[in-house]
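Source file: coords_17.cif. Holds: mmCIF, C-alpha atoms.
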```cif
data_target
#
loop_
_atom_site.group_PDB
_atom_site.id
_atom_site.type_symbol
_atom_site.label_atom_id
_atom_site.label_comp_id
_atom_site.auth_asym_id
_atom_site.auth_seq_id
_atom_site.Cartn_x
_atom_site.Cartn_y
_atom_site.Cartn_z
ATOM 1 C CA VAL A 1318 12.517 -2.190 -10.369
ATOM 2 C CA VAL A 1319 10.688 -3.291 -7.222
ATOM 3 C CA VAL A 1320 12.557 -3.576 -3.922
ATOM 4 C CA PHE A 1321 11.173 -5.195 -0.782
ATOM 5 C CA GLY A 1322 12.751 -3.695 2.333
ATOM 6 C CA ALA A 1323 14.519 -0.393 2.904
ATOM 7 C CA GLY A 1324 17.279 -1.490 5.255
ATOM 8 C CA LYS A 1325 20.943 -1.339 4.217
ATOM 9 C CA ALA A 1326 20.722 -3.825 1.322
ATOM 10 C CA GLY A 1327 17.306 -2.713 0.103
ATOM 11 C CA SER A 1328 18.085 0.994 0.196
ATOM 12 C CA ALA A 1329 21.416 0.399 -1.569
ATOM 13 C CA SER A 1330 19.579 -1.604 -4.252
ATOM 14 C CA ALA A 1331 16.989 1.132 -4.673
ATOM 15 C CA GLN A 1332 19.644 3.848 -4.809
ATOM 16 C CA LEU A 1333 21.665 1.980 -7.436
ATOM 17 C CA ALA A 1334 18.608 1.293 -9.597
ATOM 18 C CA ALA A 1335 17.415 4.909 -9.302
ATOM 19 C CA ALA A 1336 20.867 6.267 -10.153
ATOM 20 C CA GLY A 1337 20.803 4.092 -13.270
ATOM 21 C CA GLY A 1338 17.571 5.758 -14.366
ATOM 22 C CA SER A 1339 15.100 3.031 -13.422
ATOM 23 C CA ASN A 1340 11.687 3.738 -12.002
ATOM 24 C CA VAL A 1341 11.855 2.188 -8.538
ATOM 25 C CA VAL A 1342 9.121 1.109 -6.144
ATOM 26 C CA VAL A 1343 10.242 0.268 -2.619
ATOM 27 C CA PHE A 1344 7.911 -1.658 -0.333
ATOM 28 C CA GLU A 1345 8.542 -0.888 3.323
ATOM 29 C CA MET A 1346 6.509 -0.936 6.524
ATOM 30 C CA ARG A 1347 8.376 1.758 8.476
ATOM 31 C CA GLN A 1348 7.404 5.334 7.699
ATOM 32 C CA ASP A 1349 10.863 6.772 8.461
ATOM 33 C CA ARG A 1350 12.468 4.456 5.919
ATOM 34 C CA MET A 1351 9.740 5.159 3.376
ATOM 35 C CA ASP A 1352 10.504 8.859 3.745
ATOM 36 C CA GLU A 1353 14.215 8.117 3.251
ATOM 37 C CA MET A 1354 13.495 6.242 0.022
ATOM 38 C CA MET A 1355 11.325 9.060 -1.334
ATOM 39 C CA ARG A 1356 14.278 11.425 -0.927
ATOM 40 C CA LEU A 1357 16.335 9.331 -3.378
ATOM 41 C CA GLY A 1358 14.694 11.047 -6.340
ATOM 42 C CA ASN A 1359 11.602 11.614 -8.424
ATOM 43 C CA ASN A 1360 11.921 8.138 -9.923
ATOM 44 C CA VAL A 1361 11.517 6.426 -6.516
ATOM 45 C CA THR A 1362 8.200 5.652 -4.848
ATOM 46 C CA ALA A 1363 7.868 4.085 -1.407
ATOM 47 C CA LEU A 1364 4.710 2.149 -0.588
ATOM 48 C CA TYR A 1365 3.270 0.041 2.192
ATOM 49 C CA PRO A 1366 3.155 -3.609 0.997
ATOM 50 C CA TYR A 1367 -0.593 -4.151 0.606
ATOM 51 C CA ALA A 1368 -1.128 -7.408 -1.333
ATOM 52 C CA GLU A 1369 -3.064 -5.834 -4.214
ATOM 53 C CA VAL A 1370 -0.485 -3.061 -4.624
ATOM 54 C CA VAL A 1371 2.375 -5.592 -4.524
ATOM 55 C CA ALA A 1372 0.665 -7.700 -7.196
ATOM 56 C CA ARG A 1373 0.164 -4.650 -9.440
ATOM 57 C CA GLU A 1374 3.737 -3.385 -9.107
ATOM 58 C CA VAL A 1375 5.536 -6.714 -9.540
ATOM 59 C CA ALA A 1376 3.399 -7.507 -12.607
ATOM 60 C CA SER A 1377 5.151 -4.708 -14.490
ATOM 61 C CA ALA A 1378 8.613 -5.109 -12.931
ATOM 62 C CA ASP A 1379 11.652 -6.267 -14.859
ATOM 63 C CA LEU A 1380 13.606 -6.810 -11.628
ATOM 64 C CA VAL A 1381 12.413 -7.555 -8.085
ATOM 65 C CA VAL A 1382 14.867 -7.462 -5.181
ATOM 66 C CA GLY A 1383 13.974 -9.059 -1.860
ATOM 67 C CA ALA A 1384 15.897 -7.543 1.046
ATOM 68 C CA VAL A 1385 13.676 -8.340 4.013
ATOM 69 C CA LEU A 1386 15.263 -9.113 7.373
ATOM 70 C CA VAL A 1387 13.555 -9.890 10.643
ATOM 71 C CA THR A 1388 16.299 -10.151 13.251
ATOM 72 C CA GLY A 1389 16.515 -13.619 14.729
ATOM 73 C CA ALA A 1390 13.685 -14.994 12.612
ATOM 74 C CA LYS A 1391 12.982 -16.525 9.234
ATOM 75 C CA ALA A 1392 12.279 -13.977 6.510
ATOM 76 C CA PRO A 1393 8.565 -13.579 5.790
ATOM 77 C CA HIS A 1394 7.268 -14.368 2.304
ATOM 78 C CA VAL A 1395 6.434 -11.014 0.746
ATOM 79 C CA LEU A 1396 5.757 -12.374 -2.737
ATOM 80 C CA THR A 1397 3.518 -15.385 -3.333
ATOM 81 C CA ARG A 1398 3.587 -17.829 -6.222
ATOM 82 C CA GLU A 1399 0.245 -16.408 -7.329
ATOM 83 C CA GLN A 1400 1.717 -12.884 -7.513
ATOM 84 C CA LEU A 1401 4.752 -14.315 -9.325
ATOM 85 C CA LYS A 1402 2.459 -15.812 -11.980
ATOM 86 C CA GLY A 1403 1.365 -12.264 -12.827
ATOM 87 C CA MET A 1404 4.922 -11.249 -13.732
ATOM 88 C CA GLN A 1405 6.223 -11.048 -17.287
ATOM 89 C CA ALA A 1406 8.221 -14.023 -18.537
ATOM 90 C CA GLY A 1407 11.909 -13.139 -18.473
ATOM 91 C CA SER A 1408 11.664 -10.963 -15.363
ATOM 92 C CA VAL A 1409 14.240 -11.525 -12.628
ATOM 93 C CA LEU A 1410 13.956 -12.013 -8.849
ATOM 94 C CA VAL A 1411 16.996 -11.528 -6.606
ATOM 95 C CA ASP A 1412 16.448 -12.831 -3.065
ATOM 96 C CA ILE A 1413 19.050 -11.288 -0.784
ATOM 97 C CA SER A 1414 17.105 -12.731 2.181
ATOM 98 C CA ILE A 1415 17.812 -16.318 1.129
ATOM 99 C CA ASP A 1416 20.173 -16.876 4.076
ATOM 100 C CA GLN A 1417 17.129 -16.377 6.351
ATOM 101 C CA GLY A 1418 14.940 -18.728 4.305
ATOM 102 C CA GLY A 1419 14.087 -16.372 1.455
ATOM 103 C CA CYS A 1420 11.359 -13.765 1.193
ATOM 104 C CA PHE A 1421 9.696 -15.099 -1.952
ATOM 105 C CA GLU A 1422 7.498 -18.184 -1.780
ATOM 106 C CA THR A 1423 9.326 -19.669 -4.775
ATOM 107 C CA SER A 1424 12.865 -19.009 -3.480
ATOM 108 C CA ARG A 1425 15.307 -21.820 -2.797
ATOM 109 C CA PRO A 1426 19.046 -21.552 -2.124
ATOM 110 C CA THR A 1427 21.384 -21.653 -5.111
ATOM 111 C CA THR A 1428 25.164 -21.629 -5.505
ATOM 112 C CA TRP A 1429 27.608 -19.732 -7.694
ATOM 113 C CA LYS A 1430 28.025 -22.944 -9.704
ATOM 114 C CA GLU A 1431 24.291 -22.925 -10.580
ATOM 115 C CA PRO A 1432 23.106 -19.446 -9.519
ATOM 116 C CA THR A 1433 19.710 -19.289 -11.230
ATOM 117 C CA TYR A 1434 16.575 -21.285 -11.929
ATOM 118 C CA VAL A 1435 13.227 -20.469 -13.530
ATOM 119 C CA GLU A 1436 9.808 -20.691 -11.870
ATOM 120 C CA GLU A 1437 6.649 -19.552 -13.671
ATOM 121 C CA GLY A 1438 8.822 -18.003 -16.415
ATOM 122 C CA VAL A 1439 10.699 -15.794 -13.924
ATOM 123 C CA THR A 1440 14.447 -16.199 -13.363
ATOM 124 C CA HIS A 1441 15.411 -16.505 -9.685
ATOM 125 C CA PHE A 1442 18.850 -15.618 -8.289
ATOM 126 C CA CYS A 1443 19.077 -16.881 -4.708
ATOM 127 C CA VAL A 1444 22.780 -17.427 -4.023
ATOM 128 C CA THR A 1445 23.512 -17.814 -0.327
ATOM 129 C CA ASN A 1446 26.193 -15.681 1.322
ATOM 130 C CA MET A 1447 26.334 -13.176 -1.522
ATOM 131 C CA PRO A 1448 28.922 -10.999 0.286
ATOM 132 C CA GLY A 1449 31.267 -14.002 0.271
ATOM 133 C CA ALA A 1450 31.793 -13.455 -3.460
ATOM 134 C CA VAL A 1451 33.557 -10.172 -2.702
ATOM 135 C CA PRO A 1452 35.371 -10.888 0.578
ATOM 136 C CA GLN A 1453 37.644 -7.840 0.630
ATOM 137 C CA THR A 1454 34.847 -5.385 -0.127
ATOM 138 C CA SER A 1455 32.390 -7.030 2.266
ATOM 139 C CA SER A 1456 35.036 -7.104 5.026
ATOM 140 C CA GLN A 1457 35.728 -3.402 4.514
ATOM 141 C CA ALA A 1458 32.004 -2.633 4.600
ATOM 142 C CA ILE A 1459 31.378 -4.581 7.821
ATOM 143 C CA CYS A 1460 34.413 -2.980 9.451
ATOM 144 C CA ALA A 1461 33.154 0.486 8.545
ATOM 145 C CA ALA A 1462 29.715 -0.367 9.902
ATOM 146 C CA ILE A 1463 30.895 -1.712 13.257
ATOM 147 C CA LEU A 1464 33.790 0.687 13.906
ATOM 148 C CA PRO A 1465 31.638 3.302 15.710
ATOM 149 C CA TRP A 1466 30.322 0.578 18.024
ATOM 150 C CA VAL A 1467 33.803 -0.818 18.698
ATOM 151 C CA ASN A 1468 34.956 2.721 19.544
ATOM 152 C CA LYS A 1469 32.076 3.094 22.019
ATOM 153 C CA LEU A 1470 32.997 -0.208 23.663
ATOM 154 C CA ALA A 1471 36.690 0.697 23.820
ATOM 155 C CA SER A 1472 36.160 4.258 25.085
ATOM 156 C CA GLY A 1473 35.663 3.170 28.675
ATOM 157 C CA ASP A 1474 32.355 4.996 28.797
ATOM 158 C CA SER A 1475 29.483 3.149 30.345
ATOM 159 C CA TRP A 1476 28.430 1.242 27.233
ATOM 160 C CA ARG A 1477 25.681 -0.466 29.213
ATOM 161 C CA GLN A 1478 23.788 2.821 29.042
ATOM 162 C CA ASN A 1479 23.769 2.537 25.245
ATOM 163 C CA VAL A 1480 20.508 0.781 24.336
ATOM 164 C CA PRO A 1481 21.586 -0.459 20.856
ATOM 165 C CA LEU A 1482 24.690 -2.061 22.350
ATOM 166 C CA THR A 1483 22.844 -3.733 25.217
ATOM 167 C CA ARG A 1484 20.187 -5.034 22.809
ATOM 168 C CA GLY A 1485 22.990 -6.715 20.880
ATOM 169 C CA ILE A 1486 24.214 -8.886 23.752
ATOM 170 C CA ASN A 1487 23.717 -12.535 22.816
ATOM 171 C CA VAL A 1488 25.598 -14.341 25.572
ATOM 172 C CA GLU A 1489 26.532 -12.987 28.994
ATOM 173 C CA GLY A 1490 28.085 -14.826 31.914
ATOM 174 C CA GLY A 1491 27.906 -18.080 29.974
ATOM 175 C CA LYS A 1492 24.136 -17.819 29.461
ATOM 176 C CA ILE A 1493 22.152 -17.047 26.322
ATOM 177 C CA VAL A 1494 20.385 -13.754 27.061
ATOM 178 C CA HIS A 1495 19.113 -12.545 23.669
ATOM 179 C CA PRO A 1496 15.376 -13.317 23.357
ATOM 180 C CA ALA A 1497 15.666 -14.383 19.706
ATOM 181 C CA LEU A 1498 18.263 -16.993 20.653
ATOM 182 C CA GLN A 1499 16.641 -18.241 23.850
ATOM 183 C CA SER A 1500 13.937 -20.046 21.904
ATOM 184 C CA MET A 1501 16.472 -21.881 19.713
ATOM 185 C CA LYS A 1502 17.416 -25.453 20.549
ATOM 186 C CA VAL A 1503 21.141 -25.932 21.047
#
```

Take the structure in this file and express it as structure tokens.
Amino acid sequence: VVVFGAGKAGSASAQLAAAGGSNVVVFEMRQDRMDEMMRLGNNVTALYPYAEVVAREVASADLVVGAVLVTGAKAPHVLTREQLKGMQAGSVLVDISIDQGGCFETSRPTTWKEPTYVEEGVTHFCVTNMPGAVPQTSSQAICAAILPWVNKLASGDSWRQNVPLTRGINVEGGKIVHPALQSMKV
């Protein structure tokens, strides 16, 4: 199993695959997250995504998961069509980043009605809004993730001193203040 990205979705994918006994390669650019992935077990390797290493690893993968997110931007293509051609027929790509444009060159949005398609002999699963298929579970997960931040906001403490919270402000005083949104046309 090859996983691109070691954020929440990527690390959960890697952990699940490793727990199931798969040999897992995680491609990540941040050293702290690479270290985190290496602690998952002896069957997990974390690597920097050099093109030749990516090509080698995906060529032998049965499953490739794309979980790349660049906040406020389109997902970068981390797997080219040329690299895809090196994969074994019958392999599977899952593009979790499809809501941000997809992180594989051959990705295109699909639906639950027609969830897969085949390119170069490789099955692609690129369903948009994947959490929407499990609304109760995804709602519980998002609530658990944001609860500490809601508590900080509600505590009356000076939340403006909290850098992660202030970086998350999108609109203030009726004006768009987040840099990633300022460049968007409304």

Would you give me, as a tab-separated table, each residue of region 1437-1470 of chain A having an atom within 12 Å of an atom of region 1375-1399 of chain A, along with its shortest atom pair and that distance in Å to one decimal, using all atoms listed in the file and sorting by chain and residue number?
```
residue	atom	partner	partner_atom	distance
A:Glu1437	CA	A:Arg1398	CA	8.2
A:Gly1438	CA	A:Arg1398	CA	11.5
A:Val1439	CA	A:Asp1379	CA	9.6
A:Thr1440	CA	A:Leu1380	CA	9.6
A:His1441	CA	A:Val1381	CA	9.6
A:Phe1442	CA	A:Val1382	CA	9.6
A:Cys1443	CA	A:Gly1383	CA	9.8
```

Legend entry - Matched chain/residue IDs from the PyMOL selection byres ((chain A and resi 1360) around 9), as an NGL selection string: :A and (1335 or 1338-1342 or 1355 or 1357-1359 or 1361-1362)

Inset, instruction - Find the residue from A:Gly1322, A:Ala1329, A:Ala1372, A:His1495 that sits nearest to Arg1350 (chain A); use all atoms listed in the file when measuring. - result: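 Between A:Gly1322, A:Ala1329, A:Ala1372, A:His1495, the residue approaching Arg1350 (chain A) most closely is A:Gly1322.
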
Inset, instruction - Using all atoms listed in the file, pick whichever of A:Val1371, A:Ala1461, A:Leu1470, A:Cys1420 has the shortest atom-to-atom distance to Met1404 (chain A). - result: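 Answer, going by the shortest atom-to-atom distance: A:Val1371.
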